[in-house]
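Everything on this sheet refers to the single structure shown next.
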Amino acid sequence: MKNLQAWISACRLRTLPLSISGAIMGSGIAYSRDLFDSSIFTLTILTTLSLQILSNLANDYGDGVKGTDNEHRIGPERALQSGKISPKQMRNAIVFNVILCLILVISLIYSAFGLDQFVISLVFIVLGVLAIVAAIKYTVGASAFGYKALGDVMVFLFFGWLSVLGTYFLFSKQIDFLMLFPASSIGLLSTGVLNLNNIRDIESDKRSKKHTLAGYFGFKMAKLYHQLLVGVAILLIIIYLVLDLNNSTYLFLIAFVPLLLHMNTVRKIKTPIEFDSQLKVLALSTVALALLFCASII
């Protein structure tokens, strides 16, 4: 039972709702345009969850073997750090998840494009492989981009643009550049969650020589950067819904309430440990925004 609890903890269930926000938004827009397909939606969600779990396990392994997860870390104790899961067991779990991700990616692409659209299918297979590599390389290896202050950019691209635009393309087989607005919004909010994590860990990351934007900015500037991320995300959603003539309600405005309260709370925070509770707040607020956004356009 303890081992099972350790694996559940390593999967970091609280990160999973955030990971599917982009897929929900892309699917909602497709639904509003009569392009929805339940098989594509189900496989998209499963693929996204599998990639997020892979990223979490790889993050646990990478930070664990590098010594980044140590007694100075403020957040929850990690599986490798605690000794409840060995490095070999974690590597095996990562390999298993890579295989599972590949199976889901291929199944999703086949469901969306069949055998007729080979070139497009090949492009999405490449994107799927890149997503798998990115999930692993965030903290694993000497060239891990999470240690080179590139985490924010990668999260924005994969959780925002690829997630929303890619999901919509699976349904529609076409690109709508107007969707860069909601895609960027989800990307910015997801980056905000990472930024909170990095502000919380500024001191421990410095000791471990892990370079993040928050570390470069410093405590005060990283807080201002966070306000910019969330504020611009809100603005982009408003712009999209003003430009989208098919929008029939402003129900999505409800989702701005927890985001604005979150911004005010972050503004008042004085110590790194206070950021930990706000990770869940922003993650759940992002999911709520995606759901209410979909409700507004359907």
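Residue numbering restarts at 1 for every chain of the structure tokens, chains are lettered A, B, ... in their displayed order, and ligands are numbered from 1 as they appear.
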Residue list (alpha helix (DSSP H), DSSP) for region 108-236 of chain A, as a PyMOL selection string: chain A and resi 108-113+118-137+151-155+166-172+180-200+202-207+213-217+219-236
A:Asp152, A:Phe275, A:Phe158, A:Leu261 ranked by distance to Ala214 (chain A), top pick (using only C-alpha atoms):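 Comparing A:Asp152, A:Phe275, A:Phe158, A:Leu261 against Ala214 (chain A), the winner is A:Asp152.
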Closest contacts (region 127-240 of chain A/region 18-23 of chain A, max 12 Å, only C-alpha atoms) as a tab-separated table:
residue	atom	partner	partner_atom	distance
A:Val155	CA	A:Ser19	CA	10.2
A:Phe156	CA	A:Gly22	CA	10.8
A:Leu157	CA	A:Gly22	CA	11.0
A:Phe158	CA	A:Gly22	CA	9.3
A:Phe159	CA	A:Gly22	CA	6.4
A:Gly160	CA	A:Gly22	CA	6.2
A:Trp161	CA	A:Gly22	CA	8.3
A:Leu162	CA	A:Gly22	CA	8.4
A:Ser163	CA	A:Gly22	CA	5.0
A:Val164	CA	A:Gly22	CA	4.6
A:Leu165	CA	A:Gly22	CA	8.4
A:Gly166	CA	A:Ala23	CA	8.4
A:Thr167	CA	A:Ala23	CA	5.7
A:Tyr168	CA	A:Ala23	CA	8.1
A:Phe169	CA	A:Ala23	CA	11.0
A:Leu170	CA	A:Ala23	CA	10.5
A:Phe171	CA	A:Ala23	CA	11.2
A:Met179	CA	A:Gly22	CA	11.3
A:Leu180	CA	A:Gly22	CA	11.6
A:Pro182	CA	A:Gly22	CA	8.8
A:Ala183	CA	A:Gly22	CA	7.0
A:Ser184	CA	A:Gly22	CA	9.8
A:Ser185	CA	A:Gly22	CA	9.5
A:Ile186	CA	A:Gly22	CA	6.3
A:Gly187	CA	A:Gly22	CA	8.1
A:Leu188	CA	A:Gly22	CA	11.2
A:Leu189	CA	A:Leu18	CA	9.3
A:Ser190	CA	A:Leu18	CA	7.2
A:Thr191	CA	A:Leu18	CA	10.8
A:Gly192	CA	A:Leu18	CA	11.3
A:Val193	CA	A:Leu18	CA	9.1
A:Leu194	CA	A:Leu18	CA	11.2
Best match for closeness to Pro17 (chain A) among A:His211, A:Leu57, A:Ile269, A:Leu49, counting only C-alpha atoms: A:Leu49
Close residues, Leu196 (chain A) itself excluded, 12 Å, only C-alpha atoms, min 4 positions apart in chain, as a ChimeraX atom specification: /A:75,152,189-192,200-202,212-215,219,222-227,229-230,262-263,266-267,269,271-283
Counting only C-alpha atoms, the option among A:Ile45, A:Ile120, A:Ile94, A:Leu130 closest to Gly26 (chain A): A:Ile45
Length of the CA of Ala233 (chain A) to CA of Ser32 (chain A) vector [Å]: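 Pair CA of Ala233 (chain A) / CA of Ser32 (chain A) returns 21.6 Å.
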Contacts of region 3-5 of chain A at 12 Å (only C-alpha atoms; same-chain gap of 2+ positions) as a count of residues only: 17
Residue neighbourhood Leu104 (chain A), 7 Å, only C-alpha atoms, exclusion window fewer than 3 positions, as a ChimeraX atom specification: /A:43,47,100-101,107-108
Selection near Ile103 (chain A), 12 Å with only C-alpha atoms, sequence-local residues under 3 positions removed, as a count of residues only: 19
Distance table requested - region 12-131 of chain A against region 141-146 of chain A, cut-off 12 Å, only C-alpha atoms: one row per qualifying residue with the closest atom pair and its distance in Å to one decimal, ordered by chain and rising residue number, as a tab-separated table.
residue	atom	partner	partner_atom	distance
A:Ser55	CA	A:Gly146	CA	11.6
A:Ala58	CA	A:Gly141	CA	10.2
A:Asn59	CA	A:Gly146	CA	9.4
A:Tyr61	CA	A:Gly141	CA	10.2
A:Gly62	CA	A:Gly141	CA	7.2
A:Asp63	CA	A:Gly146	CA	10.0
A:Gly64	CA	A:Gly141	CA	11.8
A:Val65	CA	A:Gly141	CA	9.9
A:Lys66	CA	A:Gly141	CA	9.2
A:Thr68	CA	A:Gly146	CA	11.8
Point-to-point distance from CA of Asn92 (chain A) to CA of Ala149 (chain A), Å rounded to tenths: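 According to the coordinates, CA of Asn92 (chain A) and CA of Ala149 (chain A) are separated by 27.8 Å.
Of the listed residues (A:Ile238, A:Leu16, A:Ala290, A:Leu150), A:Ala290 comes nearest to Ile29 (chain A); the distances count only C-alpha atoms.
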Distance criterion (only C-alpha atoms): nearest to Leu289 (chain A) out of A:Val133, A:Val257, A:Ile53, A:Leu35: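 The closest residue to Leu289 (chain A) is A:Val257.
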Two-atom distance - CA of Met154 (chain A), CA of Ala93 (chain A) (Å): 23.2 Å
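Between Lys210 (chain A) and the candidates A:Asn197, A:Ser296, A:Thr139, A:Gln174, the tightest atom-to-atom separation, counting only C-alpha atoms, involves A:Thr139.
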